[in-house]
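Colleague: First the structure, then my questions, so here it is.
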Amino acid sequence: MNPPMTPPSTRSTTPPATPLGAAQADLDAVEAIVRSAGTSFYRGMRVLPPDRRHAMYAIYAFCRVVDDIADDEAVPLAERLPRLGAWRARIADLYHGITDDPVTRVLAEAVRRYALRREDFLAVIDGMQMDAETPIVAPDLATLDLYCDRVAAAVGRLSVRAFGDASPAADRVAHALGRALQLTNILRDVREDAERGRLYLPHEYLDAADVPHDPLAALRAPRLPEVCARVAALAHAQFRTAREAMAGCDRQAMRPARLMGATYAAILARLERRGWQRLDQRVSLPAWQKLWVAVRYGLAA
């Protein structure tokens, strides 16, 4: 005998749960920002459970939006700075339960779920403002470190919480890995940055090698490779520190961090094999190496 059917009037009408309990339209809008950026981040984060994955999408979307504001050189600085200031106000509002678009609404759910810290969001905006206010040219080591902390390590501090580890060791991973990734980016983009009037290599290293501070003149300096090699050594030291700190973290939560670390360490190694005399030759990982890294760290989709 078949069981009686539930009368239509008593059937559950509760909608299916969504990641973070956020509105599906907001989740879709945030995911579209990430997907349209065309980076490997979108595929890499798909290894995370849905709640954590969409928290990371929201963090990335926030970073993408404020980075686009800072980088839009077609817009006068007098307009970009107020727009960054508006995002500071929006982050403050978010922590008082006030949201006004898909990014802030999904971020608000991630903040509640994973205790993301306001000061880390604000540090990211501060880093973007450093780039927007005036081209960074030959900063001292302390300024370079502050820049790396704001634009990369602060993102890491938000990310490790979304990954599932809010321990002091996880913050140490973010501190070191963020610096390692940003220094690798700086080395990869020396020529492109110089053509935009920027030179992120520290002036202490430039002066020691008699390399001028003018970005384009620095590209022609015979001893520029010495400077790049010293910055690469800094990056290697930070990669090692990050790996050591991971030993004190939740292993499962650190899977995405291990993947990012391994990917960027591989990029740094390819830069070193190419050499610092051929800065016009862009370096990226071939598909086979990206796959190898994913499989090696158990993160293949």
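Each chain in the structure tokens gets a letter, A, B and so on, in the order shown; residues start at 1 in every chain, and ligands are counted from 1 in the order they appear.
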Hey, what's within 9 Å of Glu31 in chain A if we count only C-alpha atoms and toss same-chain stuff fewer than 3 positions away? As a ChimeraX atom specification, please?

Modeller: /A:26-28,34-36,42,54,57-58,61

Colleague: Residues of range 101-164 of chain A that have any atom at most 9 Å from an atom of range 245-263 of chain A: could you tabulate them with the shortest-distance atom pair and the distance in Å to one decimal, using only C-alpha atoms, ordered by chain and increasing number, as JSON lines?

Modeller:
{"residue": "A:Gly156", "atom": "CA", "partner": "A:Ala257", "partner_atom": "CA", "distance": 8.7}
{"residue": "A:Ser159", "atom": "CA", "partner": "A:Ala257", "partner_atom": "CA", "distance": 8.8}
{"residue": "A:Val160", "atom": "CA", "partner": "A:Met254", "partner_atom": "CA", "distance": 7.5}
{"residue": "A:Arg161", "atom": "CA", "partner": "A:Ala253", "partner_atom": "CA", "distance": 8.8}
{"residue": "A:Ala162", "atom": "CA", "partner": "A:Ala253", "partner_atom": "CA", "distance": 8.7}
{"residue": "A:Phe163", "atom": "CA", "partner": "A:Ala253", "partner_atom": "CA", "distance": 5.1}
{"residue": "A:Gly164", "atom": "CA", "partner": "A:Ala253", "partner_atom": "CA", "distance": 5.1}

Colleague: Mind checking which residues fall within 10 Å of range 105-108 of chain A, counting only C-alpha atoms, ignoring those fewer than 6 positions away in the same chain, and posting them as a list in words?

Modeller: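 Contacts, with the query itself left out: Pro19, Leu20, Gly21, Ala22, Ala23, Gln24, Asp26, Leu27, Ala29, Val30, His54, Ala55, Met56, Tyr57, Ala58, Ile59, Ala61, Phe62, Ile91, Asp93, Leu94, Tyr95, His96, Gly97, Ile98, Thr99, Ala115 and Leu116 of chain A.
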
Colleague: Between A:Leu271, A:Leu224, A:Val231, A:Leu177, single out the one closest to Arg243 in chain A, counting only C-alpha atoms.

Modeller: A:Leu177

Colleague: Skipping near chain neighbours, those fewer than 3 positions away, what residues fall within 9 Å of Ala132 in chain A using only C-alpha atoms, listed as a PyMOL selection string?

Modeller: chain A and resi 69-73+77+80-81+127-129+135

Colleague: Can you build me a table of range 169-254 of chain A residues sitting at most 12 Å from range 273-277 of chain A, with the closest atom pair per residue and its distance in Å to one decimal, using only C-alpha atoms, sorted by chain and residue number, as JSON lines?

Modeller:
{"residue": "A:Leu187", "atom": "CA", "partner": "A:Trp276", "partner_atom": "CA", "distance": 9.0}
{"residue": "A:Arg188", "atom": "CA", "partner": "A:Trp276", "partner_atom": "CA", "distance": 9.8}
{"residue": "A:Asp189", "atom": "CA", "partner": "A:Trp276", "partner_atom": "CA", "distance": 11.5}
{"residue": "A:Val190", "atom": "CA", "partner": "A:Trp276", "partner_atom": "CA", "distance": 9.8}
{"residue": "A:Arg191", "atom": "CA", "partner": "A:Trp276", "partner_atom": "CA", "distance": 10.6}
{"residue": "A:Ala218", "atom": "CA", "partner": "A:Gln277", "partner_atom": "CA", "distance": 11.8}
{"residue": "A:Leu219", "atom": "CA", "partner": "A:Gln277", "partner_atom": "CA", "distance": 9.0}
{"residue": "A:Arg220", "atom": "CA", "partner": "A:Gln277", "partner_atom": "CA", "distance": 9.4}
{"residue": "A:Ala221", "atom": "CA", "partner": "A:Gln277", "partner_atom": "CA", "distance": 9.9}
{"residue": "A:Pro222", "atom": "CA", "partner": "A:Gln277", "partner_atom": "CA", "distance": 8.7}
{"residue": "A:Arg223", "atom": "CA", "partner": "A:Gln277", "partner_atom": "CA", "distance": 9.4}
{"residue": "A:Leu224", "atom": "CA", "partner": "A:Trp276", "partner_atom": "CA", "distance": 7.6}
{"residue": "A:Pro225", "atom": "CA", "partner": "A:Trp276", "partner_atom": "CA", "distance": 4.9}
{"residue": "A:Glu226", "atom": "CA", "partner": "A:Trp276", "partner_atom": "CA", "distance": 8.3}
{"residue": "A:Val227", "atom": "CA", "partner": "A:Trp276", "partner_atom": "CA", "distance": 9.2}
{"residue": "A:Cys228", "atom": "CA", "partner": "A:Trp276", "partner_atom": "CA", "distance": 6.7}
{"residue": "A:Ala229", "atom": "CA", "partner": "A:Trp276", "partner_atom": "CA", "distance": 7.8}
{"residue": "A:Arg230", "atom": "CA", "partner": "A:Trp276", "partner_atom": "CA", "distance": 11.3}
{"residue": "A:Val231", "atom": "CA", "partner": "A:Trp276", "partner_atom": "CA", "distance": 11.4}
{"residue": "A:Ala232", "atom": "CA", "partner": "A:Trp276", "partner_atom": "CA", "distance": 10.5}

Colleague: Take the residues just selected and output them with N, CA and C atoms as a PDB file, in the first residue's frame.

Modeller:
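Writing the result to part.pdb gives the following:
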ATOM      1  N   LEU A 187      58.361  41.406  -8.671  1.00  0.00           N
ATOM      2  CA  LEU A 187      59.445  40.931  -9.540  1.00  0.00           C
ATOM      3  C   LEU A 187      58.930  40.551 -10.925  1.00  0.00           C
ATOM      4  N   ARG A 188      57.754  39.997 -10.989  1.00  0.00           N
ATOM      5  CA  ARG A 188      57.194  39.609 -12.285  1.00  0.00           C
ATOM      6  C   ARG A 188      56.847  40.827 -13.133  1.00  0.00           C
ATOM      7  N   ASP A 189      56.504  41.950 -12.466  1.00  0.00           N
ATOM      8  CA  ASP A 189      55.967  43.103 -13.181  1.00  0.00           C
ATOM      9  C   ASP A 189      56.926  44.293 -13.235  1.00  0.00           C
ATOM     10  N   VAL A 190      58.231  44.065 -13.034  1.00  0.00           N
ATOM     11  CA  VAL A 190      59.172  45.189 -12.979  1.00  0.00           C
ATOM     12  C   VAL A 190      59.064  46.059 -14.228  1.00  0.00           C
ATOM     13  N   ARG A 191      59.107  45.453 -15.401  1.00  0.00           N
ATOM     14  CA  ARG A 191      59.063  46.242 -16.638  1.00  0.00           C
ATOM     15  C   ARG A 191      57.708  46.927 -16.797  1.00  0.00           C
ATOM     16  N   ALA A 218      66.195  52.684 -14.493  1.00  0.00           N
ATOM     17  CA  ALA A 218      66.555  51.491 -13.712  1.00  0.00           C
ATOM     18  C   ALA A 218      66.572  50.247 -14.589  1.00  0.00           C
ATOM     19  N   LEU A 219      65.664  50.173 -15.567  1.00  0.00           N
ATOM     20  CA  LEU A 219      65.614  49.005 -16.448  1.00  0.00           C
ATOM     21  C   LEU A 219      66.911  48.831 -17.229  1.00  0.00           C
ATOM     22  N   ARG A 220      67.608  49.917 -17.485  1.00  0.00           N
ATOM     23  CA  ARG A 220      68.850  49.858 -18.281  1.00  0.00           C
ATOM     24  C   ARG A 220      70.093  49.718 -17.426  1.00  0.00           C
ATOM     25  N   ALA A 221      69.930  49.720 -16.097  1.00  0.00           N
ATOM     26  CA  ALA A 221      71.090  49.676 -15.211  1.00  0.00           C
ATOM     27  C   ALA A 221      71.722  48.286 -15.228  1.00  0.00           C
ATOM     28  N   PRO A 222      73.048  48.197 -15.395  1.00  0.00           N
ATOM     29  CA  PRO A 222      73.704  46.885 -15.493  1.00  0.00           C
ATOM     30  C   PRO A 222      73.523  46.025 -14.253  1.00  0.00           C
ATOM     31  N   ARG A 223      73.387  46.653 -13.081  1.00  0.00           N
ATOM     32  CA  ARG A 223      73.327  45.866 -11.845  1.00  0.00           C
ATOM     33  C   ARG A 223      71.909  45.691 -11.307  1.00  0.00           C
ATOM     34  N   LEU A 224      70.920  46.007 -12.132  1.00  0.00           N
ATOM     35  CA  LEU A 224      69.540  45.763 -11.694  1.00  0.00           C
ATOM     36  C   LEU A 224      69.301  44.297 -11.324  1.00  0.00           C
ATOM     37  N   PRO A 225      69.880  43.321 -12.044  1.00  0.00           N
ATOM     38  CA  PRO A 225      69.675  41.925 -11.639  1.00  0.00           C
ATOM     39  C   PRO A 225      70.079  41.645 -10.192  1.00  0.00           C
ATOM     40  N   GLU A 226      71.092  42.339  -9.674  1.00  0.00           N
ATOM     41  CA  GLU A 226      71.472  42.141  -8.273  1.00  0.00           C
ATOM     42  C   GLU A 226      70.332  42.548  -7.339  1.00  0.00           C
ATOM     43  N   VAL A 227      69.677  43.639  -7.689  1.00  0.00           N
ATOM     44  CA  VAL A 227      68.558  44.118  -6.870  1.00  0.00           C
ATOM     45  C   VAL A 227      67.422  43.101  -6.900  1.00  0.00           C
ATOM     46  N   CYS A 228      67.093  42.635  -8.089  1.00  0.00           N
ATOM     47  CA  CYS A 228      66.013  41.652  -8.221  1.00  0.00           C
ATOM     48  C   CYS A 228      66.333  40.373  -7.447  1.00  0.00           C
ATOM     49  N   ALA A 229      67.587  39.953  -7.499  1.00  0.00           N
ATOM     50  CA  ALA A 229      67.986  38.742  -6.777  1.00  0.00           C
ATOM     51  C   ALA A 229      67.817  38.923  -5.267  1.00  0.00           C
ATOM     52  N   ARG A 230      68.124  40.118  -4.754  1.00  0.00           N
ATOM     53  CA  ARG A 230      67.956  40.364  -3.319  1.00  0.00           C
ATOM     54  C   ARG A 230      66.481  40.349  -2.926  1.00  0.00           C
ATOM     55  N   VAL A 231      65.627  40.912  -3.771  1.00  0.00           N
ATOM     56  CA  VAL A 231      64.187  40.889  -3.485  1.00  0.00           C
ATOM     57  C   VAL A 231      63.664  39.452  -3.561  1.00  0.00           C
ATOM     58  N   ALA A 232      64.184  38.682  -4.523  1.00  0.00           N
ATOM     59  CA  ALA A 232      63.783  37.263  -4.608  1.00  0.00           C
ATOM     60  C   ALA A 232      64.177  36.517  -3.342  1.00  0.00           C
TER      61      ALA A 232
END

Colleague: Compile the contact shell of Val66 in chain A as an MDAnalysis selection string: residues with an atom at most 9 Å away, counting only C-alpha atoms, same-chain residues fewer than 6 positions apart removed.

Modeller: chainID A and resid 83:84 87 124:125 128

Colleague: Per DSSP on the backbone, filter range 120-182 of chain A down to the residues in alpha helix (DSSP H) and report them as a ChimeraX atom specification.

Modeller: /A:120-133,141-148,154-163,168-182

Colleague: For the selection just defined, write its residues with N, CA and C atoms to a file, as a tab-separated table (two decimals), in the first residue's frame.

Modeller:
chain	number	residue	atom	x	y	z
A	120	ASP	N	41.12	44.88	8.90
A	120	ASP	CA	41.75	44.27	7.73
A	120	ASP	C	41.15	44.80	6.43
A	121	PHE	N	39.84	44.99	6.41
A	121	PHE	CA	39.22	45.62	5.23
A	121	PHE	C	39.78	47.03	5.04
A	122	LEU	N	39.88	47.77	6.12
A	122	LEU	CA	40.37	49.16	6.01
A	122	LEU	C	41.83	49.20	5.58
A	123	ALA	N	42.62	48.22	6.03
A	123	ALA	CA	44.02	48.17	5.61
A	123	ALA	C	44.13	47.96	4.10
A	124	VAL	N	43.26	47.14	3.54
A	124	VAL	CA	43.27	46.94	2.08
A	124	VAL	C	43.01	48.26	1.37
A	125	ILE	N	42.02	49.01	1.85
A	125	ILE	CA	41.72	50.31	1.23
A	125	ILE	C	42.92	51.25	1.38
A	126	ASP	N	43.56	51.24	2.54
A	126	ASP	CA	44.75	52.08	2.73
A	126	ASP	C	45.84	51.72	1.73
A	127	GLY	N	46.02	50.43	1.46
A	127	GLY	CA	47.02	50.01	0.49
A	127	GLY	C	46.68	50.49	-0.91
A	128	MET	N	45.40	50.41	-1.27
A	128	MET	CA	44.99	50.91	-2.58
A	128	MET	C	45.22	52.42	-2.68
A	129	GLN	N	45.00	53.12	-1.57
A	129	GLN	CA	45.21	54.57	-1.59
A	129	GLN	C	46.69	54.90	-1.76
A	130	MET	N	47.58	54.08	-1.17
A	130	MET	CA	49.01	54.29	-1.37
A	130	MET	C	49.35	54.29	-2.86
A	131	ASP	N	48.73	53.39	-3.61
A	131	ASP	CA	48.98	53.31	-5.05
A	131	ASP	C	48.31	54.44	-5.81
A	132	ALA	N	47.17	54.91	-5.30
A	132	ALA	CA	46.41	55.92	-6.04
A	132	ALA	C	46.96	57.32	-5.85
A	133	GLU	N	47.46	57.63	-4.65
A	133	GLU	CA	47.84	59.00	-4.33
A	133	GLU	C	49.01	59.49	-5.17
A	141	LEU	N	62.61	50.18	2.62
A	141	LEU	CA	62.18	48.83	2.96
A	141	LEU	C	60.97	48.84	3.88
A	142	ALA	N	60.92	49.79	4.82
A	142	ALA	CA	59.80	49.86	5.75
A	142	ALA	C	58.51	50.19	5.01
A	143	THR	N	58.58	51.11	4.06
A	143	THR	CA	57.38	51.47	3.29
A	143	THR	C	56.95	50.33	2.39
A	144	LEU	N	57.91	49.65	1.78
A	144	LEU	CA	57.58	48.49	0.96
A	144	LEU	C	56.90	47.42	1.80
A	145	ASP	N	57.40	47.20	3.01
A	145	ASP	CA	56.79	46.19	3.88
A	145	ASP	C	55.37	46.60	4.26
A	146	LEU	N	55.16	47.87	4.56
A	146	LEU	CA	53.81	48.35	4.88
A	146	LEU	C	52.88	48.18	3.70
A	147	TYR	N	53.36	48.49	2.51
A	147	TYR	CA	52.56	48.32	1.30
A	147	TYR	C	52.16	46.85	1.12
A	148	CYS	N	53.12	45.95	1.25
A	148	CYS	CA	52.84	44.52	1.11
A	148	CYS	C	51.84	44.05	2.17
A	154	ALA	N	46.88	41.78	4.51
A	154	ALA	CA	45.55	42.06	5.06
A	154	ALA	C	44.50	41.19	4.39
A	155	VAL	N	44.64	40.99	3.09
A	155	VAL	CA	43.73	40.09	2.38
A	155	VAL	C	43.90	38.67	2.93
A	156	GLY	N	45.14	38.30	3.22
A	156	GLY	CA	45.40	36.99	3.81
A	156	GLY	C	44.74	36.83	5.17
A	157	ARG	N	44.77	37.88	5.98
A	157	ARG	CA	44.15	37.79	7.31
A	157	ARG	C	42.64	37.60	7.21
A	158	LEU	N	42.03	38.21	6.21
A	158	LEU	CA	40.60	37.96	5.97
A	158	LEU	C	40.40	36.53	5.46
A	159	SER	N	41.28	36.11	4.58
A	159	SER	CA	41.12	34.82	3.91
A	159	SER	C	41.26	33.65	4.87
A	160	VAL	N	42.26	33.66	5.76
A	160	VAL	CA	42.46	32.50	6.62
A	160	VAL	C	41.25	32.28	7.52
A	161	ARG	N	40.55	33.35	7.88
A	161	ARG	CA	39.34	33.19	8.67
A	161	ARG	C	38.23	32.55	7.84
A	162	ALA	N	38.12	32.96	6.60
A	162	ALA	CA	37.14	32.33	5.72
A	162	ALA	C	37.52	30.88	5.43
A	163	PHE	N	38.83	30.58	5.38
A	163	PHE	CA	39.27	29.20	5.17
A	163	PHE	C	38.92	28.31	6.37
A	168	PRO	N	46.44	32.53	15.99
A	168	PRO	CA	47.63	33.36	15.78
A	168	PRO	C	48.56	32.78	14.71
A	169	ALA	N	48.66	31.45	14.65
A	169	ALA	CA	49.51	30.84	13.62
A	169	ALA	C	48.98	31.15	12.23
A	170	ALA	N	47.66	31.16	12.07
A	170	ALA	CA	47.08	31.49	10.76
A	170	ALA	C	47.39	32.93	10.39
A	171	ASP	N	47.36	33.83	11.36
A	171	ASP	CA	47.74	35.22	11.08
A	171	ASP	C	49.20	35.31	10.67
A	172	ARG	N	50.05	34.46	11.26
A	172	ARG	CA	51.46	34.46	10.86
A	172	ARG	C	51.61	33.96	9.42
A	173	VAL	N	50.79	32.99	9.04
A	173	VAL	CA	50.79	32.55	7.65
A	173	VAL	C	50.43	33.72	6.73
A	174	ALA	N	49.37	34.44	7.09
A	174	ALA	CA	48.93	35.57	6.27
A	174	ALA	C	50.02	36.63	6.18
A	175	HIS	N	50.67	36.91	7.31
A	175	HIS	CA	51.73	37.91	7.35
A	175	HIS	C	52.85	37.56	6.37
A	176	ALA	N	53.33	36.33	6.42
A	176	ALA	CA	54.47	35.94	5.59
A	176	ALA	C	54.07	35.64	4.16
A	177	LEU	N	52.98	34.90	3.98
A	177	LEU	CA	52.59	34.51	2.63
A	177	LEU	C	52.16	35.73	1.82
A	178	GLY	N	51.46	36.67	2.46
A	178	GLY	CA	51.08	37.88	1.73
A	178	GLY	C	52.29	38.61	1.20
A	179	ARG	N	53.32	38.74	2.02
A	179	ARG	CA	54.54	39.41	1.58
A	179	ARG	C	55.22	38.62	0.47
A	180	ALA	N	55.28	37.31	0.60
A	180	ALA	CA	55.91	36.49	-0.42
A	180	ALA	C	55.20	36.64	-1.77
A	181	LEU	N	53.87	36.60	-1.75
A	181	LEU	CA	53.12	36.72	-2.99
A	181	LEU	C	53.31	38.10	-3.63
A	182	GLN	N	53.25	39.15	-2.80
A	182	GLN	CA	53.37	40.49	-3.35
A	182	GLN	C	54.78	40.75	-3.90

Colleague: Choose the residue, out of A:Cys63, A:Leu279, A:Leu234, A:Ala166, that has the smallest atom-to-atom separation from Tyr114 in chain A; count only C-alpha atoms.

Modeller: A:Ala166
